[in-house]
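Visitor: File data-v7.csv below, CSV, C-alpha atoms and all ligand atoms:
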```
chain,number,residue,atom,x,y,z
A,1,MET,CA,-13.9,18.3,46.8
A,2,THR,CA,-14.3,22.0,46.3
A,3,PRO,CA,-15.2,23.2,42.7
A,4,ALA,CA,-11.7,24.7,42.4
A,5,ALA,CA,-10.1,21.3,43.4
A,6,ARG,CA,-12.2,19.6,40.7
A,7,VAL,CA,-10.7,22.1,38.2
A,8,GLN,CA,-7.2,21.3,39.3
A,9,SER,CA,-7.8,17.5,39.1
A,10,ALA,CA,-9.2,18.0,35.6
A,11,ILE,CA,-6.1,19.9,34.7
A,12,ASP,CA,-3.9,17.0,36.0
A,13,LEU,CA,-6.0,14.5,34.1
A,14,LEU,CA,-5.8,16.6,30.9
A,15,ASP,CA,-2.0,16.6,31.2
A,16,ALA,CA,-2.1,12.8,31.1
A,17,VAL,CA,-4.5,12.8,28.1
A,18,ILE,CA,-2.3,15.3,26.3
A,19,ALA,CA,0.8,13.2,26.9
A,20,ALA,CA,-0.9,10.1,25.6
A,21,ALA,CA,-2.2,11.9,22.5
A,22,ARG,CA,1.3,13.2,21.8
A,23,SER,CA,3.0,9.8,22.1
A,24,GLY,CA,0.2,7.8,20.3
A,25,GLY,CA,-0.7,6.2,23.6
A,26,ALA,CA,-4.0,5.2,25.1
A,27,SER,CA,-7.3,7.0,24.2
A,28,ALA,CA,-8.6,9.7,26.5
A,29,ASP,CA,-11.3,7.3,27.8
A,30,ARG,CA,-8.7,4.8,28.8
A,31,VAL,CA,-6.4,7.3,30.3
A,32,ALA,CA,-9.3,8.8,32.3
A,33,SER,CA,-10.4,5.4,33.6
A,34,GLU,CA,-6.9,4.5,34.7
A,35,TRP,CA,-6.3,7.9,36.3
A,36,LEU,CA,-9.5,7.7,38.3
A,37,ARG,CA,-8.9,4.0,39.2
A,38,ALA,CA,-5.7,5.1,40.9
A,39,ARG,CA,-7.6,7.7,42.9
A,40,ARG,CA,-10.4,5.7,44.5
A,41,PHE,CA,-10.8,8.4,47.2
A,42,ILE,CA,-12.5,10.7,44.6
A,43,GLY,CA,-16.3,10.3,45.0
A,44,SER,CA,-18.6,9.6,42.2
A,45,LYS,CA,-20.0,13.1,41.9
A,46,ASP,CA,-16.5,14.6,41.8
A,47,ARG,CA,-15.5,12.0,39.2
A,48,ARG,CA,-18.4,12.9,36.9
A,49,ALA,CA,-17.6,16.6,37.3
A,50,ILE,CA,-13.9,16.1,36.6
A,51,ARG,CA,-14.7,14.0,33.5
A,52,ASP,CA,-17.2,16.6,32.2
A,53,LEU,CA,-14.6,19.4,32.6
A,54,VAL,CA,-11.9,17.3,30.8
A,55,TRP,CA,-14.1,16.5,27.9
A,56,ALA,CA,-15.4,20.1,27.6
A,57,ALA,CA,-11.8,21.3,27.5
A,58,ILE,CA,-10.9,18.7,24.9
A,59,ARG,CA,-13.8,19.9,22.8
A,60,ALA,CA,-12.7,23.5,23.2
A,61,CYS,CA,-9.1,23.0,21.8
A,62,GLY,CA,-8.7,22.4,18.1
A,63,GLU,CA,-5.1,21.5,18.3
A,64,VAL,CA,-3.3,19.4,20.9
A,65,PRO,CA,-2.7,21.9,23.8
A,66,ASN,CA,0.7,22.3,25.4
A,67,THR,CA,-0.6,21.7,28.9
A,68,GLY,CA,-3.8,20.8,30.7
A,69,ARG,CA,-3.8,24.2,32.3
A,70,ALA,CA,-3.6,26.0,28.9
A,71,ALA,CA,-6.5,23.8,27.7
A,72,MET,CA,-8.6,24.6,30.8
A,73,LEU,CA,-7.9,28.3,30.4
A,74,ARG,CA,-9.2,28.1,26.8
A,75,LEU,CA,-12.4,26.7,28.2
A,76,ALA,CA,-12.5,29.4,30.9
A,77,GLN,CA,-12.3,32.1,28.3
A,78,GLY,CA,-16.0,31.5,27.5
A,79,ASP,CA,-17.0,30.7,31.1
A,80,ALA,CA,-16.6,33.4,33.8
A,81,ALA,CA,-17.6,31.1,36.6
A,82,LEU,CA,-14.9,28.7,35.6
A,83,ALA,CA,-12.3,31.5,35.3
A,84,ALA,CA,-13.2,32.6,38.8
A,85,LEU,CA,-12.2,29.2,40.2
A,86,PHE,CA,-8.6,29.9,39.3
A,87,ASP,CA,-8.3,31.5,42.7
A,88,GLY,CA,-5.2,30.0,44.2
A,89,SER,CA,-7.2,28.3,47.0
A,90,ARG,CA,-5.9,25.1,48.7
A,91,TYR,CA,-6.0,22.2,46.1
A,92,GLY,CA,-7.3,24.7,43.4
A,93,PRO,CA,-5.5,26.1,40.4
A,94,ALA,CA,-3.3,29.2,40.8
A,95,GLY,CA,-4.6,32.5,39.8
A,96,ILE,CA,-4.4,33.5,36.1
A,97,ALA,CA,-1.2,35.4,35.4
A,98,PRO,CA,-1.4,38.3,32.9
A,99,GLY,CA,-0.4,37.0,29.4
A,100,GLU,CA,-0.5,33.4,30.5
A,101,PRO,CA,-0.6,31.0,27.5
A,102,VAL,CA,-4.0,29.8,26.4
A,103,ALA,CA,-4.5,26.8,24.1
A,104,ASP,CA,-5.8,27.4,20.6
A,105,GLY,CA,-9.5,27.0,20.1
A,106,GLY,CA,-11.3,25.9,16.9
A,107,VAL,CA,-12.8,22.7,15.7
A,108,ALA,CA,-9.6,20.9,14.6
A,109,PRO,CA,-6.1,21.6,13.3
A,110,GLY,CA,-6.1,24.0,10.3
A,111,TRP,CA,-5.2,21.4,7.7
A,112,LEU,CA,-8.0,19.2,8.8
A,113,VAL,CA,-10.6,22.0,8.8
A,114,GLU,CA,-9.5,22.7,5.2
A,115,ALA,CA,-9.8,19.0,4.3
A,116,LEU,CA,-13.3,18.9,5.8
A,117,ASP,CA,-14.3,22.1,4.0
A,118,ALA,CA,-13.1,20.7,0.7
A,119,SER,CA,-15.2,17.6,1.5
A,120,GLY,CA,-18.3,19.7,1.8
A,121,ILE,CA,-18.5,19.8,5.6
A,122,ASP,CA,-19.3,23.4,6.3
A,123,GLU,CA,-18.8,25.4,9.4
A,124,ALA,CA,-22.1,24.4,11.0
A,125,GLU,CA,-21.5,20.8,10.3
A,126,ARG,CA,-17.9,21.0,11.7
A,127,LYS,CA,-19.2,22.5,14.9
A,128,ALA,CA,-21.8,19.8,15.1
A,129,LEU,CA,-18.9,17.2,15.1
A,130,LEU,CA,-18.1,18.4,18.6
A,131,THR,CA,-21.5,18.3,20.2
A,132,ARG,CA,-22.4,15.7,22.8
A,133,ALA,CA,-23.8,12.5,21.2
A,134,PRO,CA,-27.0,10.9,22.3
A,135,LEU,CA,-27.1,7.3,23.3
A,136,ASP,CA,-28.7,5.1,20.7
A,137,ILE,CA,-29.6,1.4,21.1
A,138,ARG,CA,-30.9,-1.2,18.6
A,139,ALA,CA,-33.6,-3.6,19.6
A,140,ASN,CA,-32.4,-7.2,18.9
A,141,THR,CA,-35.1,-8.7,16.8
A,142,LEU,CA,-33.8,-12.2,17.5
A,143,LYS,CA,-35.2,-11.7,21.1
A,144,THR,CA,-37.7,-8.8,21.1
A,145,SER,CA,-39.3,-6.0,19.1
A,146,ARG,CA,-38.6,-2.2,19.4
A,147,ASP,CA,-42.1,-1.7,20.9
A,148,ALA,CA,-41.8,-4.5,23.5
A,149,LEU,CA,-38.3,-3.3,24.4
A,150,ARG,CA,-39.4,0.2,24.9
A,151,LEU,CA,-42.0,-0.8,27.5
A,152,ARG,CA,-39.3,-2.7,29.5
A,153,LEU,CA,-36.6,-0.1,29.6
A,154,PRO,CA,-36.0,1.6,32.9
A,155,ALA,CA,-35.5,5.0,31.3
A,156,PRO,CA,-37.4,7.1,28.7
A,157,SER,CA,-36.6,6.7,25.1
A,158,SER,CA,-37.7,8.0,21.7
A,159,GLU,CA,-37.8,6.3,18.3
A,160,VAL,CA,-35.2,7.2,15.8
A,161,VAL,CA,-35.4,6.7,12.0
A,162,ALA,CA,-33.5,3.4,12.1
A,163,PRO,CA,-36.3,0.8,12.2
A,164,GLN,CA,-35.1,-0.9,15.4
A,165,GLY,CA,-33.5,2.2,17.0
A,166,LEU,CA,-34.3,4.0,20.2
A,167,ARG,CA,-32.6,7.1,21.6
A,168,LEU,CA,-31.8,7.5,25.3
A,169,ASP,CA,-30.4,10.5,27.2
A,170,THR,CA,-26.6,10.9,27.0
A,171,GLY,CA,-25.2,9.2,30.1
A,172,ALA,CA,-27.8,6.5,30.5
A,173,ALA,CA,-26.0,3.5,32.0
A,174,ALA,CA,-27.7,1.2,29.4
A,175,GLU,CA,-25.0,-1.4,29.6
A,176,THR,CA,-25.7,-2.0,33.3
A,177,TRP,CA,-29.4,-2.8,32.7
A,178,PRO,CA,-30.6,-6.4,32.9
A,179,GLU,CA,-32.2,-6.0,29.5
A,180,TYR,CA,-28.7,-5.5,28.1
A,181,ALA,CA,-27.4,-8.6,29.9
A,182,GLU,CA,-30.4,-10.5,28.4
A,183,GLY,CA,-29.3,-9.4,24.9
A,184,LEU,CA,-32.5,-7.5,24.2
A,185,PHE,CA,-30.6,-4.6,22.8
A,186,GLU,CA,-27.2,-3.4,21.6
A,187,VAL,CA,-25.7,0.0,22.0
A,188,GLN,CA,-25.3,1.2,18.4
A,189,ASP,CA,-25.5,4.7,16.9
A,190,ALA,CA,-28.6,5.3,14.7
A,191,GLY,CA,-26.3,6.1,11.7
A,192,SER,CA,-24.4,2.8,12.2
A,193,GLN,CA,-27.8,1.0,12.3
A,194,LEU,CA,-28.8,2.6,9.0
A,195,THR,CA,-25.7,1.5,7.3
A,196,CYS,CA,-26.5,-2.1,8.3
A,197,GLU,CA,-30.1,-1.6,7.0
A,198,ALA,CA,-28.7,-0.4,3.7
A,199,PHE,CA,-26.7,-3.6,3.3
A,200,ALA,CA,-30.0,-5.5,3.6
A,201,ALA,CA,-28.6,-8.9,4.8
A,202,LYS,CA,-31.2,-11.6,4.3
A,203,PRO,CA,-31.9,-15.0,5.8
A,204,GLY,CA,-30.1,-17.8,4.0
A,205,GLU,CA,-27.3,-15.6,2.5
A,206,THR,CA,-23.6,-16.1,2.8
A,207,ILE,CA,-22.2,-12.9,4.3
A,208,VAL,CA,-18.7,-11.8,5.3
A,209,ASP,CA,-18.2,-8.9,7.7
A,210,LEU,CA,-14.6,-8.3,6.6
A,211,CYS,CA,-13.6,-5.7,9.2
A,212,ALA,CA,-15.8,-6.9,12.0
A,213,GLY,CA,-13.8,-5.7,15.0
A,214,ALA,CA,-15.7,-6.7,18.2
A,215,GLY,CA,-18.8,-7.2,16.1
A,216,GLY,CA,-20.9,-4.0,16.4
A,217,LYS,CA,-22.3,-4.5,12.9
A,218,THR,CA,-22.0,-8.3,12.8
A,219,LEU,CA,-24.7,-8.5,15.5
A,220,ALA,CA,-27.0,-6.3,13.4
A,221,LEU,CA,-26.4,-8.5,10.3
A,222,GLY,CA,-27.0,-11.7,12.3
A,223,ALA,CA,-30.4,-10.3,13.5
A,224,ALA,CA,-31.3,-9.3,10.0
A,225,MET,CA,-30.4,-12.8,8.8
A,226,ALA,CA,-32.5,-14.4,11.6
A,227,ASN,CA,-29.5,-16.7,12.1
A,228,SER,CA,-30.2,-18.4,8.8
A,229,GLY,CA,-27.3,-18.8,6.3
A,230,ARG,CA,-23.7,-18.1,7.0
A,231,LEU,CA,-22.2,-15.1,8.7
A,232,ILE,CA,-18.4,-14.9,8.9
A,233,ALA,CA,-16.8,-12.1,11.0
A,234,CYS,CA,-13.2,-11.4,10.2
A,235,ASP,CA,-10.5,-9.0,11.4
A,236,ILE,CA,-6.8,-8.8,11.7
A,237,ASP,CA,-6.9,-7.6,15.3
A,238,ARG,CA,-7.0,-10.6,17.6
A,239,ALA,CA,-8.0,-8.6,20.7
A,240,ARG,CA,-11.0,-7.0,19.1
A,241,LEU,CA,-12.2,-10.1,17.3
A,242,SER,CA,-11.9,-12.1,20.6
A,243,ARG,CA,-14.6,-10.0,22.2
A,244,LEU,CA,-17.1,-10.9,19.5
A,245,PRO,CA,-18.1,-14.5,20.5
A,246,GLU,CA,-19.2,-13.4,24.0
A,247,ARG,CA,-21.3,-10.5,22.6
A,248,ALA,CA,-22.8,-12.9,19.9
A,249,THR,CA,-23.7,-15.4,22.6
A,250,ARG,CA,-25.5,-12.7,24.6
A,251,ALA,CA,-27.3,-11.5,21.5
A,252,GLY,CA,-28.2,-15.0,20.4
A,253,VAL,CA,-26.4,-14.4,17.1
A,254,ARG,CA,-24.7,-17.3,15.2
A,255,ALA,CA,-21.5,-16.1,13.6
A,256,GLU,CA,-18.2,-17.7,12.7
A,257,THR,CA,-15.0,-15.7,13.4
A,258,ARG,CA,-11.8,-15.7,11.4
A,259,LEU,CA,-8.6,-14.0,12.4
A,260,LEU,CA,-6.8,-12.9,9.2
A,261,ASP,CA,-3.1,-12.3,8.6
A,262,PRO,CA,-2.6,-8.7,7.4
A,263,GLY,CA,-1.4,-8.8,3.8
A,264,LYS,CA,-2.5,-12.5,3.5
A,265,GLU,CA,-6.2,-12.0,3.9
A,266,ARG,CA,-7.0,-14.0,0.7
A,267,VAL,CA,-5.2,-17.1,2.1
A,268,GLY,CA,-7.5,-17.1,5.2
A,269,LEU,CA,-10.5,-16.6,3.0
A,270,SER,CA,-9.6,-18.9,0.1
A,271,ASP,CA,-12.7,-21.0,0.5
A,272,LEU,CA,-14.9,-18.0,0.1
A,273,ILE,CA,-13.5,-16.5,-3.1
A,274,SER,CA,-16.4,-15.6,-5.4
A,275,ALA,CA,-18.8,-17.4,-3.0
A,276,CYS,CA,-20.4,-14.6,-1.0
A,277,ASP,CA,-23.8,-13.0,-1.6
A,278,GLY,CA,-22.5,-9.9,0.2
A,279,VAL,CA,-19.5,-8.5,2.0
A,280,LEU,CA,-19.6,-5.6,4.5
A,281,VAL,CA,-16.4,-3.6,4.5
A,282,ASP,CA,-16.5,-1.4,7.7
A,283,ALA,CA,-13.0,-0.1,6.8
A,284,PRO,CA,-10.4,1.2,9.2
A,285,CYS,CA,-10.5,5.0,9.0
A,286,SER,CA,-9.6,8.3,10.7
A,287,GLY,CA,-13.0,8.5,12.5
A,288,THR,CA,-13.6,12.1,11.8
A,289,GLY,CA,-17.3,11.4,12.0
A,290,THR,CA,-17.1,10.2,15.6
A,291,TRP,CA,-15.5,13.2,17.3
A,292,ARG,CA,-18.7,13.6,19.3
A,293,ARG,CA,-17.7,10.5,21.2
A,294,ASN,CA,-13.9,10.8,20.8
A,295,PRO,CA,-13.1,14.5,20.5
A,296,GLU,CA,-9.4,14.0,21.3
A,297,ALA,CA,-9.0,11.8,18.2
A,298,ARG,CA,-8.6,14.9,16.1
A,299,TRP,CA,-5.4,15.7,18.0
A,300,ARG,CA,-3.9,12.5,16.7
A,301,LEU,CA,-4.4,12.8,13.0
A,302,SER,CA,-2.0,13.9,10.3
A,303,PRO,CA,-2.1,14.1,6.5
A,304,LYS,CA,0.2,11.0,6.6
A,305,ALA,CA,-2.2,9.1,8.7
A,306,ILE,CA,-5.1,9.9,6.3
A,307,ALA,CA,-3.0,8.7,3.4
A,308,ARG,CA,-2.2,5.4,5.3
A,309,TYR,CA,-6.0,4.9,6.0
A,310,ALA,CA,-6.7,5.5,2.3
A,311,GLN,CA,-4.2,2.8,1.4
A,312,MET,CA,-5.7,0.3,3.9
A,313,GLN,CA,-9.2,1.1,2.5
A,314,ALA,CA,-8.1,0.3,-1.0
A,315,GLY,CA,-6.6,-2.9,0.3
A,316,VAL,CA,-9.7,-4.2,2.1
A,317,LEU,CA,-12.0,-3.1,-0.8
A,318,ASP,CA,-9.9,-5.3,-3.2
A,319,VAL,CA,-10.0,-8.3,-0.9
A,320,ALA,CA,-13.7,-7.9,-0.5
A,321,ALA,CA,-14.2,-7.7,-4.3
A,322,ASP,CA,-12.6,-11.2,-4.6
A,323,LEU,CA,-15.1,-12.7,-2.2
A,324,VAL,CA,-18.3,-11.6,-3.9
A,325,ARG,CA,-20.1,-13.9,-6.4
A,326,PRO,CA,-21.2,-12.4,-9.7
A,327,GLY,CA,-24.4,-10.4,-9.1
A,328,GLY,CA,-23.5,-10.1,-5.4
A,329,ARG,CA,-22.9,-6.9,-3.5
A,330,MET,CA,-20.6,-5.1,-1.1
A,331,LEU,CA,-21.2,-2.2,1.2
A,332,PHE,CA,-18.2,0.1,2.0
A,333,ILE,CA,-18.5,2.1,5.2
A,334,VAL,CA,-16.2,4.6,6.9
A,335,CYS,CA,-17.0,6.8,9.9
A,336,SER,CA,-15.1,9.6,8.3
A,337,LEU,CA,-16.4,12.6,6.4
A,338,LEU,CA,-13.2,13.2,4.4
A,339,ASP,CA,-13.6,12.5,0.6
A,340,ALA,CA,-10.1,11.0,0.7
A,341,GLU,CA,-11.5,8.1,2.7
A,342,GLY,CA,-14.9,8.0,1.1
A,343,ALA,CA,-16.0,9.2,-2.4
A,344,GLU,CA,-12.5,9.2,-3.7
A,345,ARG,CA,-11.9,5.6,-2.6
A,346,ILE,CA,-15.0,4.4,-4.4
A,347,ASP,CA,-14.0,6.3,-7.6
A,348,ALA,CA,-10.6,4.7,-7.4
A,349,PHE,CA,-12.1,1.2,-6.8
A,350,LEU,CA,-14.5,1.5,-9.8
A,351,GLY,CA,-11.5,2.6,-11.9
A,352,ARG,CA,-9.6,-0.6,-10.9
A,353,HIS,CA,-12.6,-3.0,-11.1
A,354,ARG,CA,-14.6,-2.5,-14.4
A,355,ASP,CA,-17.0,-5.3,-13.5
A,356,TRP,CA,-18.5,-3.4,-10.6
A,357,ARG,CA,-21.1,-0.6,-10.4
A,358,ALA,CA,-22.1,1.8,-7.6
A,359,GLU,CA,-25.8,1.7,-6.7
A,360,GLY,CA,-27.5,4.4,-4.6
A,361,PRO,CA,-27.8,2.9,-1.1
A,362,ALA,CA,-31.3,2.8,0.4
A,363,CYS,CA,-31.3,5.2,3.3
A,364,PRO,CA,-34.2,7.4,4.6
A,365,ILE,CA,-32.0,10.3,5.7
A,366,GLY,CA,-28.6,11.7,4.6
A,367,LYS,CA,-27.4,13.1,1.3
A,368,PRO,CA,-25.5,11.7,-1.7
A,369,ARG,CA,-21.8,12.2,-1.8
A,370,GLY,CA,-19.9,11.2,-4.9
A,371,LYS,CA,-21.1,7.7,-5.7
A,372,GLY,CA,-22.1,7.0,-2.1
A,373,TRP,CA,-24.1,8.4,0.7
A,374,ARG,CA,-23.4,10.5,3.7
A,375,LEU,CA,-24.8,10.9,7.2
A,376,THR,CA,-23.7,13.9,9.3
A,377,PRO,CA,-24.2,14.9,13.0
A,378,GLY,CA,-25.6,18.3,12.1
A,379,ALA,CA,-28.2,17.4,9.5
A,380,ASP,CA,-29.0,13.8,10.5
A,381,ARG,CA,-28.2,13.7,14.3
A,382,THR,CA,-26.1,10.6,13.8
A,383,ASP,CA,-22.4,10.0,13.9
A,384,GLY,CA,-20.8,10.9,10.6
A,385,PHE,CA,-20.6,8.2,8.0
A,386,PHE,CA,-19.9,7.7,4.3
A,387,PHE,CA,-21.1,4.5,2.7
A,388,ALA,CA,-21.4,3.2,-0.8
A,389,SER,CA,-23.2,0.2,-2.2
A,390,LEU,CA,-21.4,-1.7,-4.9
A,391,ARG,CA,-22.6,-4.5,-7.2
A,392,ARG,CA,-20.5,-7.0,-9.1
A,393,LEU,CA,-21.9,-7.4,-12.6
B,1,LIG,C1,-14.1,0.6,11.8
B,1,LIG,S1,-13.3,-0.7,12.6
B,1,LIG,C2,-14.6,-1.9,12.6
B,1,LIG,C3,-15.7,-1.7,13.6
B,1,LIG,C4,-16.7,-2.8,13.6
B,1,LIG,N1,-17.2,-3.2,12.3
B,1,LIG,C5,-17.9,-2.4,14.4
B,1,LIG,O1,-19.0,-2.2,13.9
B,1,LIG,O2,-17.8,-2.3,15.6
B,1,LIG,C6,-12.3,-1.3,11.4
B,1,LIG,C7,-11.6,-2.7,11.6
B,1,LIG,O3,-10.9,-3.1,10.5
B,1,LIG,C8,-9.9,-3.9,10.9
B,1,LIG,N2,-8.9,-4.1,9.8
B,1,LIG,C9,-7.9,-3.3,9.5
B,1,LIG,N3,-7.3,-3.8,8.4
B,1,LIG,C10,-7.9,-4.9,8.1
B,1,LIG,C11,-7.7,-5.9,7.1
B,1,LIG,N4,-6.7,-5.8,6.2
B,1,LIG,N5,-8.6,-7.0,7.0
B,1,LIG,C12,-9.6,-7.1,7.9
B,1,LIG,N6,-9.8,-6.2,8.9
B,1,LIG,C13,-9.0,-5.1,9.0
B,1,LIG,C14,-9.4,-3.2,12.2
B,1,LIG,O4,-8.7,-4.1,13.0
B,1,LIG,C15,-10.7,-2.7,12.8
B,1,LIG,O5,-11.1,-3.6,13.8
```
Would you give me this structure, written as structure tokens?
Guide:
Amino acid sequence: MTPAARVQSAIDLLDAVIAAARSGGASADRVASEWLRARRFIGSKDRRAIRDLVWAAIRACGEVPNTGRAAMLRLAQGDAALAALFDGSRYGPAGIAPGEPVADGGVAPGWLVEALDASGIDEAERKALLTRAPLDIRANTLKTSRDALRLRLPAPSSEVVAPQGLRLDTGAAAETWPEYAEGLFEVQDAGSQLTCEAFAAKPGETIVDLCAGAGGKTLALGAAMANSGRLIACDIDRARLSRLPERATRAGVRAETRLLDPGKERVGLSDLISACDGVLVDAPCSGTGTWRRNPEARWRLSPKAIARYAQMQAGVLDVAADLVRPGGRMLFIVCSLLDAEGAERIDAFLGRHRDWRAEGPACPIGKPRGKGWRLTPGADRTDGFFFASLRRL
């Protein structure tokens, strides 16, 4: 493929990503995988170059662009070599017409920039939300140690502040390595690892991971508990939860799974009311802290969506509160940096539950935010998280 043909392919793929974002369809990652699967004739170097162009264009556009070409033109505004590829060559994009529409730049839609600003995320931090994320892994202490793992890995790594964390170069194909198949490590952002550390699950405890999804954090809790005690992973999403047992088997983690009925969570959890030492609430959220990995997610948000997430967060917090024994604890986590999904949710929870107190979560990096704690890509070089540690009196 010529460089210009790669640009035109990236424009075509962007059109598909934009259409999916507008209609609430599949994520950019899935759209790209399907688009490339249907074009097997495209070689691996070209695929990588097309993907890189598409993701760079997504990062460059704060609002959902009208067309893939307008998005690519926005990227080309800061890149003369890219602009020169709009040369009308065979398979390449047509030349740039005078006054041709260019997509808006910026970090995010205006209302969202304002909401981040009001939540103490300044311009430098907002820009950091769109940098490329490193690839972090967590040594699985059920099977190895961080030092032993480091010696076995086929690529260089550096230690991160999370006690079992290692950082690899972006793009390392870690999930294809035999050490991954053996369950010696999991791919998990260092910030996510630190939230699990802050929860401090211990052997012998009864722990519920209420919003377990496919088990990213469940596996870390299982390792911390050394498979002693009871670990119950719950979710309302059958497809996500069904991926957990296979991952747990690979990691050697013993965990029960429970599919809950939305709105009737307490029915499915009736045997665990006031019976848990701890409940982890990794609540559904807008994901504003994970734009480094999913930059197109910011095209899909709306004030209404944030309000819906806030309502869901209040709901799962109240369910979790019923499960914790007196003296027990809960850790609320969101990968969002908006106060509406973080500090404000905790204030509202404490207003509804007078028998609960917030405790400063133990974390070696980050900053306090309201009654919780925050990790940010700019200051902490992790995904963005808000988390709060709560104790039942
Ligand atoms: C942030 S994701 C969890 C990610 C997961 N803990 C991990 O580390 O990979 C939030 C999850 O909450 C689930 N969820 C939403 N509402 C819920 C509810 N009422 N009860 C339990 N889970 C819920 C969603 O299906 C989603 O899987």
Visitor: Provide the CA of Arg345 in chain A to CA of Ala310 in chain A distance in Å, to one decimal place.
Guide: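 Spanning CA of Arg345 in chain A to CA of Ala310 in chain A is a straight-line distance of 7.1 Å.
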Visitor: Using only C-alpha atoms, which residue out of A:Ser192, A:Thr257, A:Ser302, A:Thr218 lies closest to Asp235 in chain A?
Guide: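 Smallest separation from Asp235 in chain A among the options: A:Thr257.
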Visitor: Return the single residue from A:Leu36, A:Val324, A:Ala388, A:Cys211 that is closest to ligand LIG 1 (chain B), with distances computed using only C-alpha atoms and all ligand atoms.
Guide: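 Of all the options, A:Cys211 lies closest to ligand LIG 1 (chain B).
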Visitor: Which residue gives the smallest distance to Leu14 in chain A among A:Gly92, A:Pro163, A:Gly68, A:Gly252, with only C-alpha atoms counted?
Guide: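 Ranking A:Gly92, A:Pro163, A:Gly68, A:Gly252 by distance to Leu14 in chain A, first place goes to A:Gly68.
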Visitor: As a PDB file with C-alpha atoms, keeping the file's coordinate frame, please: every protein or nucleic acid residue near ligand LIG 1 (chain B) (cut-off 7 Å, counting all atoms listed in the file).
Guide:
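Contents of selection-v3.pdb, as written:
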```pdb
ATOM      1  CA  LEU A 210     -14.600  -8.300   6.600  1.00  0.00           C
ATOM      2  CA  CYS A 211     -13.600  -5.700   9.200  1.00  0.00           C
ATOM      3  CA  ALA A 212     -15.800  -6.900  12.000  1.00  0.00           C
ATOM      4  CA  GLY A 213     -13.800  -5.700  15.000  1.00  0.00           C
ATOM      5  CA  ALA A 214     -15.700  -6.700  18.200  1.00  0.00           C
ATOM      6  CA  GLY A 215     -18.800  -7.200  16.100  1.00  0.00           C
ATOM      7  CA  GLY A 216     -20.900  -4.000  16.400  1.00  0.00           C
ATOM      8  CA  LYS A 217     -22.300  -4.500  12.900  1.00  0.00           C
ATOM      9  CA  THR A 218     -22.000  -8.300  12.800  1.00  0.00           C
ATOM     10  CA  CYS A 234     -13.200 -11.400  10.200  1.00  0.00           C
ATOM     11  CA  ASP A 235     -10.500  -9.000  11.400  1.00  0.00           C
ATOM     12  CA  ILE A 236      -6.800  -8.800  11.700  1.00  0.00           C
ATOM     13  CA  ASP A 237      -6.900  -7.600  15.300  1.00  0.00           C
ATOM     14  CA  ARG A 240     -11.000  -7.000  19.100  1.00  0.00           C
ATOM     15  CA  LEU A 260      -6.800 -12.900   9.200  1.00  0.00           C
ATOM     16  CA  PRO A 262      -2.600  -8.700   7.400  1.00  0.00           C
ATOM     17  CA  GLY A 263      -1.400  -8.800   3.800  1.00  0.00           C
ATOM     18  CA  GLU A 265      -6.200 -12.000   3.900  1.00  0.00           C
ATOM     19  CA  ASP A 282     -16.500  -1.400   7.700  1.00  0.00           C
ATOM     20  CA  ALA A 283     -13.000  -0.100   6.800  1.00  0.00           C
ATOM     21  CA  PRO A 284     -10.400   1.200   9.200  1.00  0.00           C
ATOM     22  CA  CYS A 285     -10.500   5.000   9.000  1.00  0.00           C
ATOM     23  CA  MET A 312      -5.700   0.300   3.900  1.00  0.00           C
ATOM     24  CA  GLY A 315      -6.600  -2.900   0.300  1.00  0.00           C
ATOM     25  CA  VAL A 316      -9.700  -4.200   2.100  1.00  0.00           C
ATOM     26  CA  VAL A 334     -16.200   4.600   6.900  1.00  0.00           C
TER      27      VAL A 334
END
```
Visitor: One decimal, Å: what's the distance from CA of Pro245 in chain A over to CA of Arg30 in chain A, could you say?
Guide: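 Atom-to-atom, CA of Pro245 in chain A to CA of Arg30 in chain A, that is 23.0 Å.
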Visitor: Kindly give the distance, in Å, that separates CA of Phe86 in chain A and CA of Arg51 in chain A, rounded to a single decimal.
Guide: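 For CA of Phe86 in chain A relative to CA of Arg51 in chain A, the distance reads 18.0 Å.
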Visitor: With all atoms listed in the file as the basis for distance, which of A:Asp261, A:Glu34, A:Asp136, A:Asp169 is at the shortest distance from Ala190 in chain A?
Guide: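 Checking each candidate against Ala190 in chain A, we get A:Asp136 as the closest.
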Visitor: With the cut-off set at 12 Å and counting all atoms listed in the file, tabulate each residue of range 112-206 of chain A with an atom at most that distance from an atom of range 100-107 of chain A, showing the nearest atom pair and its distance in Å to one decimal, ordered by chain and increasing number, as a Markdown table.
Guide:
```
| residue | atom | partner | partner_atom | distance |
| --- | --- | --- | --- | --- |
| A:Leu112 | CA | A:Val107 | CA | 9.1 |
| A:Val113 | CA | A:Val107 | CA | 7.3 |
| A:Glu114 | CA | A:Val107 | CA | 11.0 |
| A:Leu116 | CA | A:Val107 | CA | 10.6 |
| A:Asp117 | CA | A:Val107 | CA | 11.8 |
| A:Ile121 | CA | A:Val107 | CA | 12.0 |
| A:Asp122 | CA | A:Val107 | CA | 11.4 |
| A:Glu123 | CA | A:Val107 | CA | 9.1 |
| A:Ala124 | CA | A:Val107 | CA | 10.6 |
| A:Glu125 | CA | A:Val107 | CA | 10.4 |
| A:Arg126 | CA | A:Val107 | CA | 6.7 |
| A:Lys127 | CA | A:Val107 | CA | 6.5 |
| A:Ala128 | CA | A:Val107 | CA | 9.5 |
| A:Leu129 | CA | A:Val107 | CA | 8.2 |
| A:Leu130 | CA | A:Val107 | CA | 7.4 |
| A:Thr131 | CA | A:Val107 | CA | 10.7 |
```
Visitor: Show which residues sit within 9 Å of Arg374 in chain A, as a ChimeraX atom specification. Count only C-alpha atoms, and ignore same-chain residues fewer than 4 positions away.
Guide: /A:337,365-369,384-388
